[in-house]
Amino acid sequence: MSIALRGTNTTISVRRRLKERGLDGVTLLVLPGVIFVLALFVYPFLYGLFLSFKPLKGGTLANYVTFFSQPFLYDTIWTTLVIAVPVTILNVVLSIPVALRVRRMKWQRLLTTILVIPITLGTVLIADGLLTYLGPAGWLNRILLGLGLTNSPVRLIHNYWGVMLSLVISGFPFTFLLTLSYVTGIDPSLENAGAMLGARARTRFARILLPLLLPGLTITLALSFVQAFSVFPSAILLGEPSGSTRVISIAAYTAAFEQFDYSMASAIAMIMAAVQILIVVALLAMRGVFFRGPVSTGKG
Amino acid sequence: MPSAPHDFRELRLEAISREFGQRHALRGVTLSVARGEFVALLGPSGCGKSTALNCIAGLLQLSGGAIWLDNTRIDELGPEERGFGMVFQNYALFPHMTVRRNVGFGLTTQRRSKAEITRRVDEALGVVRLEQHTDKLPGQLSGGQQQRVAIARAIVVEPPLMLMDEPLSNLDAKLRLEMRAEIRRIHAMLGCSTIYVTHDQEEALSLADRILVLIEGQMRQLGTPAELYSQPATPDVAEFMGYRNLLESTATPADCGVMVSVAGARLRGTPQGTKAAEGRVVVAIRPEDLVPVPDGPIAATVEIAEYHGRDFYAVLRGDDGATLYCRSPVRLSAGESLRLDARPDRVLVFTP
């Protein structure tokens, strides 16, 4: 009798145990997504990784040796960082006060929509606009010259500043949306409690809001950085692609489509990925230091 | 830095109002709170009691009226300049700070010395009996403990006025009773003036020196718990104070009080207010005052009878179809017919 009982028990419990771990019929819906990721991300990545170890001439590591022995190539890492890091920090730092303000606004949705429009425009349209407005004969320089604030046109395009501006315009909405979601997740009664205990706005921000925002902000930093680090169109259109804005993606592009050295291009792409992963991992490790509990309060 | 006086004799609300767009959340509320007094703002949800508290705290601006602390007008000051203590409904503990740092927050913003902060935080945690939990985060505490931390955090700065916004509403029934006694004990110990918002009449009756009933943003009645309990000023206050039987009726004058018709029977009642009770009136009777007696004037049939341990609670249908509620120490069962009576002084007659 006990054997029979145990038999029926196991037939039921396999299914139930699977279900308790979140595995049932619905789980199959994940499959298309998994296939998609495997086909379009994992496979090309591994393909590129292998390709990078099969250089046109030389040993397995020849591409990497070449990259790190030629300043023309390895300097692109530094060039890209010099653009991406300030842009990321600027975007995140700017998004905090804007998000804090927008959170309490009546027309939050309208404002959010306006701020988000640049995402839908795409980099090329933004570059086109900036070329016209900020060029030597654009309205900005005409106003500055007209008012006598400057004697010669201010150079804001075809250099570092052009790329920087375009990355701020296209990256800010993204950063802002992320920050806004973290900011609105914080219970407003915490700030009220701080005020009731005599803390002024600055103290409330530094001691209540910021510590609770930091984990979210590091995620925002990581994602914004990855976006800025892979800059390509605006570095060419608005920058100085052979000089101060010769970013790493341009180096990969040149290797692939000008020198037709796919193996070298893959190696550069792998180095680019490695730098990104290094920085993202460092940021996420920092996140472990911060408080990561619920940002709401009590059992309410 | 402008600030509210720390010692005061009274807090005065002068016809304070607050509008949200077209909606009047608070209309012309006037109240004065003496030093050490415990005043409850009582009303159903949406009656404006929390709005009133937030206005006193400075978290909401007034649309009209003024708030005075003795001779200082404080309604223009921000919440951080008023120096009042507040206990929030959801406790609003800082989730990233330990209990010690939560409680010490108000002292830190006052730039007190480390030694003083440690000493006073220990004292406050002693008052709420939480000495063993100083290094825990709020998330590791139970609801009742979180509530104690919230109270300790507010009292540690020795505020002249303590504001409490439904502090017990998130606790279960047993803990609510415990914390209620705790709040009373702390108030008796520190003697700090308190304004306490609640929708629970029992809480208000048991804690407050005076109760202000707010309905639809307006003051309905201000008085001691005993006054409100036995002499509600209007039918809606009566309803809120547990007069479950509210019946439209007609009154005729009698030699002592008035005679009213209730569920087809004639009852002797006591007119409330100054107006002479005659014609159309509202009669209010508590379920516990409507007692089953063999020769009572009201005939009714029990529809639902609930066993409540010490007594029975019944919903009855009167002979004329009116719904009646009664509490009875003797067993009642559904379908039973019985007769009810009420003492004339417990039959309140309101003239609209």
# chains A, B, ... in the order shown; residues from 1 in each chain; ligands from 1
$ residues_around --residues "range 202-219 of chain A" --least-positions-apart "2" --cutoff "8 Å" --atoms "only C-alpha atoms" --output "number ranges by chain"
A: 92, 179, 182-183, 186, 190-191, 194-195, 199-200, 221-223, 283-284, 286-287, 290-292, 295; B: 94, 96
$ closest_atom_pairs --of "chain B" --to "chain A" --cutoff "8 Å" --atoms "only C-alpha atoms" --output "Markdown table"
| residue | atom | partner | partner_atom | distance |
| --- | --- | --- | --- | --- |
| B:Ala57 | CA | A:Met196 | CA | 7.4 |
| B:Leu59 | CA | A:Asn192 | CA | 7.0 |
| B:Pro79 | CA | A:Met196 | CA | 5.5 |
| B:Glu80 | CA | A:Gly198 | CA | 4.0 |
| B:Glu81 | CA | A:Gly198 | CA | 6.5 |
| B:Arg82 | CA | A:Met196 | CA | 7.9 |
| B:Gly83 | CA | A:Gly198 | CA | 6.4 |
| B:Phe84 | CA | A:Met196 | CA | 6.4 |
| B:Gly85 | CA | A:Met196 | CA | 6.3 |
| B:Met86 | CA | A:Met196 | CA | 6.6 |
| B:Phe88 | CA | A:Ser189 | CA | 7.7 |
| B:Gln89 | CA | A:Gly300 | CA | 7.7 |
| B:Asn90 | CA | A:Gly300 | CA | 5.0 |
| B:Tyr91 | CA | A:Gly298 | CA | 6.1 |
| B:Ala92 | CA | A:Leu190 | CA | 5.1 |
| B:Leu93 | CA | A:Thr297 | CA | 6.1 |
| B:Phe94 | CA | A:Leu190 | CA | 6.4 |
| B:Pro95 | CA | A:Thr297 | CA | 6.4 |
| B:His96 | CA | A:Phe291 | CA | 5.8 |
| B:Phe105 | CA | A:Leu197 | CA | 7.0 |
| B:Gly106 | CA | A:Leu197 | CA | 4.6 |
| B:Thr109 | CA | A:Ala199 | CA | 5.8 |
| B:Gln110 | CA | A:Gly198 | CA | 7.3 |
| B:Pro138 | CA | A:Gly298 | CA | 7.4 |
| B:Gly139 | CA | A:Gly298 | CA | 7.2 |
| B:Gly143 | CA | A:Lys299 | CA | 6.6 |
| B:Gln146 | CA | A:Gly298 | CA | 7.0 |
| B:Ala154 | CA | A:Leu197 | CA | 7.5 |
| B:Val157 | CA | A:Leu197 | CA | 8.0 |
| B:Asn170 | CA | A:Gly300 | CA | 6.5 |
$ write_last_selection --atoms "C-alpha atoms" --output "compact mmCIF listing (two decimals), in the first residue's frame"
# COMPACT_ATOMS: atom_id res chain seq x y z
CA ALA B 57 2.71 70.31 9.22
CA LEU B 59 3.56 69.90 3.76
CA PRO B 79 7.79 72.16 7.22
CA GLU B 80 11.51 72.14 8.15
CA GLU B 81 11.13 75.52 9.89
CA ARG B 82 8.12 74.61 12.02
CA GLY B 83 9.89 71.95 14.04
CA PHE B 84 6.81 69.78 14.55
CA GLY B 85 7.08 66.04 14.90
CA MET B 86 5.11 63.81 12.58
CA PHE B 88 3.17 59.01 9.05
CA GLN B 89 0.58 56.40 8.19
CA ASN B 90 3.16 54.30 6.36
CA TYR B 91 5.82 55.22 8.98
CA ALA B 92 8.10 56.70 6.27
CA LEU B 93 11.23 55.28 7.86
CA PHE B 94 14.38 55.80 5.82
CA PRO B 95 14.91 52.29 4.45
CA HIS B 96 18.67 52.68 4.02
CA PHE B 105 18.13 62.04 11.85
CA GLY B 106 16.36 65.03 13.39
CA THR B 109 20.05 68.09 11.05
CA GLN B 110 20.21 70.22 14.22
CA PRO B 138 13.59 49.11 9.07
CA GLY B 139 12.95 46.25 6.63
CA GLY B 143 5.04 46.58 11.60
CA GLN B 146 8.53 50.12 12.71
CA ALA B 154 9.47 62.11 16.07
CA VAL B 157 13.71 66.18 18.85
CA ASN B 170 -1.65 49.50 9.08
$ atom_distance --atom1 "CA of Phe172 in chain A" --atom2 "CA of Ile119 in chain A"
8.8 Å
$ residues_around --residues "range 103-110 of chain A" --least-positions-apart "3" --cutoff "12 Å" --atoms "only C-alpha atoms" --output "PyMOL selection string"
(chain A and resi 95-100+113-117+176-177+179-188) or (chain B and resi 21)
$ write_last_selection --atoms "N, CA and C atoms" --output "short mmCIF file (atom, residue, chain, number, x, y, z; two decimals), in the first residue's frame"
data_model
loop_
_atom_site.label_atom_id
_atom_site.label_comp_id
_atom_site.auth_asym_id
_atom_site.auth_seq_id
_atom_site.Cartn_x
_atom_site.Cartn_y
_atom_site.Cartn_z
N SER A 95 20.15 64.55 -15.67
CA SER A 95 18.83 63.92 -15.62
C SER A 95 18.25 63.94 -14.20
N ILE A 96 19.12 64.00 -13.18
CA ILE A 96 18.60 63.93 -11.80
C ILE A 96 17.72 65.14 -11.46
N PRO A 97 18.23 66.38 -11.60
CA PRO A 97 17.36 67.51 -11.25
C PRO A 97 16.13 67.60 -12.14
N VAL A 98 16.31 67.26 -13.44
CA VAL A 98 15.15 67.33 -14.33
C VAL A 98 14.10 66.32 -13.90
N ALA A 99 14.54 65.09 -13.59
CA ALA A 99 13.59 64.06 -13.17
C ALA A 99 12.92 64.45 -11.86
N LEU A 100 13.69 65.02 -10.94
CA LEU A 100 13.11 65.42 -9.65
C LEU A 100 12.05 66.49 -9.84
N THR A 113 7.06 63.41 -23.02
CA THR A 113 6.99 63.21 -24.47
C THR A 113 7.96 64.13 -25.19
N ILE A 114 7.95 65.41 -24.81
CA ILE A 114 8.84 66.37 -25.47
C ILE A 114 10.29 65.95 -25.29
N LEU A 115 10.62 65.54 -24.06
CA LEU A 115 12.01 65.18 -23.78
C LEU A 115 12.42 63.90 -24.50
N VAL A 116 11.43 63.07 -24.83
CA VAL A 116 11.76 61.78 -25.40
C VAL A 116 11.84 61.83 -26.92
N ILE A 117 11.26 62.87 -27.52
CA ILE A 117 11.26 62.97 -28.99
C ILE A 117 12.65 62.72 -29.61
N PHE A 176 17.29 60.14 -18.96
CA PHE A 176 16.23 60.80 -18.20
C PHE A 176 15.10 59.82 -17.88
N LEU A 177 14.68 59.06 -18.88
CA LEU A 177 13.58 58.12 -18.65
C LEU A 177 13.94 57.10 -17.56
N THR A 179 16.22 57.47 -15.17
CA THR A 179 16.31 58.16 -13.88
C THR A 179 14.92 58.46 -13.35
N LEU A 180 14.03 58.91 -14.24
CA LEU A 180 12.67 59.26 -13.79
C LEU A 180 12.00 58.05 -13.16
N SER A 181 12.21 56.87 -13.77
CA SER A 181 11.55 55.69 -13.21
C SER A 181 12.12 55.38 -11.82
N TYR A 182 13.41 55.60 -11.62
CA TYR A 182 13.97 55.36 -10.29
C TYR A 182 13.49 56.41 -9.29
N VAL A 183 13.42 57.65 -9.75
CA VAL A 183 13.01 58.74 -8.86
C VAL A 183 11.56 58.57 -8.42
N THR A 184 10.69 58.22 -9.37
CA THR A 184 9.28 58.09 -9.00
C THR A 184 9.05 56.86 -8.12
N GLY A 185 10.03 55.94 -8.11
CA GLY A 185 9.88 54.77 -7.25
C GLY A 185 10.10 55.08 -5.78
N ILE A 186 10.62 56.27 -5.48
CA ILE A 186 10.90 56.60 -4.09
C ILE A 186 9.66 57.25 -3.46
N ASP A 187 9.24 56.69 -2.35
CA ASP A 187 8.04 57.17 -1.67
C ASP A 187 8.20 58.64 -1.26
N PRO A 188 7.31 59.54 -1.75
CA PRO A 188 7.45 60.96 -1.40
C PRO A 188 7.34 61.22 0.10
N GLY B 21 -7.76 72.28 -7.01
CA GLY B 21 -8.52 72.63 -8.21
C GLY B 21 -9.87 73.15 -7.79
#
$ atom_distance --atom1 "CA of Gln259 in chain A" --atom2 "CA of Leu56 in chain A"
11.3 Å
